[in-house]
Amino acid sequence: MNGEIRKTIVIDAPPEIVFRAISDEKELTQWFPDQAKLEPKVGGFLQFKFYEDGKENHRVEGKILEIIPNKKISYSWVNKSDPNFPNTVVTWTLDIVDGNKTKVTLVHTGFDPKSRWYDLHSKGWSYFIEDSLVEYCGKKKE
């Protein structure tokens, strides 16, 4: 299982704003999961809940593997809604570009590239990063 999802985008906001958006549980729920728990320290617990029609649709759990403020956060990612979901890892890397913009690279590893989960997560990350995160960080910058 070496399926890797990689998404890269430049956001017109400084790394501090983007890092808070991806690592602060109150900010995460403004653009990503419906509910979030995230202890921002190595070994800290992570849980994201997604709802559809008022019911929990997906519950992701993991542990923080690495955290470097304003630069990087990495965590394990297991969808507890499916007992066959593989153990995967999400890593966000932030680099400052053009003075005050942030190059965001997301890498999600551990999938079988032929699985439905690989496909769903690839499409999901595109939506959440290219639309939701970009819009949210743009509003925070103002």
# chains A, B, ... in the order shown; residues from 1 in each chain; ligands from 1

call {"tool": "residues_around", "arguments": {"residues": "range 130-139 of chain A", "least_positions_apart": "3", "cutoff": "10 Å", "atoms": "only C-alpha atoms", "output": "ChimeraX atom specification"}}
result
/A:7-15,17-22,27-28,30-32,124-127,142

call {"tool": "select_by_dssp", "arguments": {"residues": "chain A", "states": "alpha helix (DSSP H)", "output": "ChimeraX atom specification"}}
result
/A:15-23,25-28,116-127,134-141

call {"tool": "write_last_selection", "arguments": {"atoms": "C-alpha atoms", "output": "mmCIF file, in the first residue's frame"}}
result
data_model
loop_
_atom_site.group_PDB
_atom_site.id
_atom_site.type_symbol
_atom_site.label_atom_id
_atom_site.label_comp_id
_atom_site.auth_asym_id
_atom_site.auth_seq_id
_atom_site.Cartn_x
_atom_site.Cartn_y
_atom_site.Cartn_z
ATOM 1 C CA PRO A 15 1.911 30.757 7.579
ATOM 2 C CA GLU A 16 0.674 31.760 11.059
ATOM 3 C CA ILE A 17 -2.913 32.075 9.785
ATOM 4 C CA VAL A 18 -2.747 28.865 7.770
ATOM 5 C CA PHE A 19 -1.159 26.909 10.632
ATOM 6 C CA ARG A 20 -3.908 27.966 13.052
ATOM 7 C CA ALA A 21 -6.511 26.944 10.468
ATOM 8 C CA ILE A 22 -5.071 23.413 10.256
ATOM 9 C CA SER A 23 -4.114 22.904 13.909
ATOM 10 C CA GLU A 25 -9.803 22.750 16.771
ATOM 11 C CA LYS A 26 -12.022 25.868 16.839
ATOM 12 C CA GLU A 27 -10.669 27.069 13.504
ATOM 13 C CA LEU A 28 -10.734 23.609 11.890
ATOM 14 C CA ARG A 116 -12.356 3.650 -3.076
ATOM 15 C CA TRP A 117 -10.892 5.395 -0.023
ATOM 16 C CA TYR A 118 -7.941 6.639 -2.070
ATOM 17 C CA ASP A 119 -10.310 8.104 -4.639
ATOM 18 C CA LEU A 120 -12.659 9.651 -2.083
ATOM 19 C CA HIS A 121 -9.841 11.227 -0.086
ATOM 20 C CA SER A 122 -8.108 12.584 -3.183
ATOM 21 C CA LYS A 123 -11.315 14.330 -4.265
ATOM 22 C CA GLY A 124 -12.136 15.388 -0.709
ATOM 23 C CA TRP A 125 -8.733 16.945 -0.072
ATOM 24 C CA SER A 126 -8.950 18.851 -3.361
ATOM 25 C CA TYR A 127 -12.265 20.354 -2.305
ATOM 26 C CA VAL A 134 -8.296 29.038 0.776
ATOM 27 C CA GLU A 135 -11.550 30.903 1.440
ATOM 28 C CA TYR A 136 -11.247 30.593 5.223
ATOM 29 C CA CYS A 137 -7.641 31.830 5.345
ATOM 30 C CA GLY A 138 -8.506 34.707 3.016
ATOM 31 C CA LYS A 139 -11.201 35.878 5.441
ATOM 32 C CA LYS A 140 -8.843 35.527 8.466
ATOM 33 C CA LYS A 141 -6.224 37.664 6.721
#

call {"tool": "closest_residue", "arguments": {"among": "A:Lys71, A:Asn2, A:Thr91, A:Asp34", "to": "Gly54 in chain A", "atoms": "only C-alpha atoms"}}
result
A:Asp34

call {"tool": "residues_around", "arguments": {"residues": "range 79-87 of chain A", "least_positions_apart": "3", "cutoff": "10 Å", "atoms": "only C-alpha atoms", "output": "VMD selection string"}}
result
chain A and resid 1 47 to 49 56 to 62 76 109 to 112 115 117

call {"tool": "atom_distance", "arguments": {"atom1": "CA of Thr88 in chain A", "atom2": "CA of Pro33 in chain A"}}
result
17.6 Å

call {"tool": "closest_residue", "arguments": {"among": "A:Lys37, A:Tyr75, A:Phe45, A:Arg6", "to": "Ile129 in chain A", "atoms": "only C-alpha atoms"}}
result
A:Arg6

call {"tool": "select_by_dssp", "arguments": {"residues": "chain A", "states": "strand (DSSP E or B)", "output": "ChimeraX atom specification"}}
result
/A:3-11,35-38,45-52,55-68,72-79,88-97,101-111
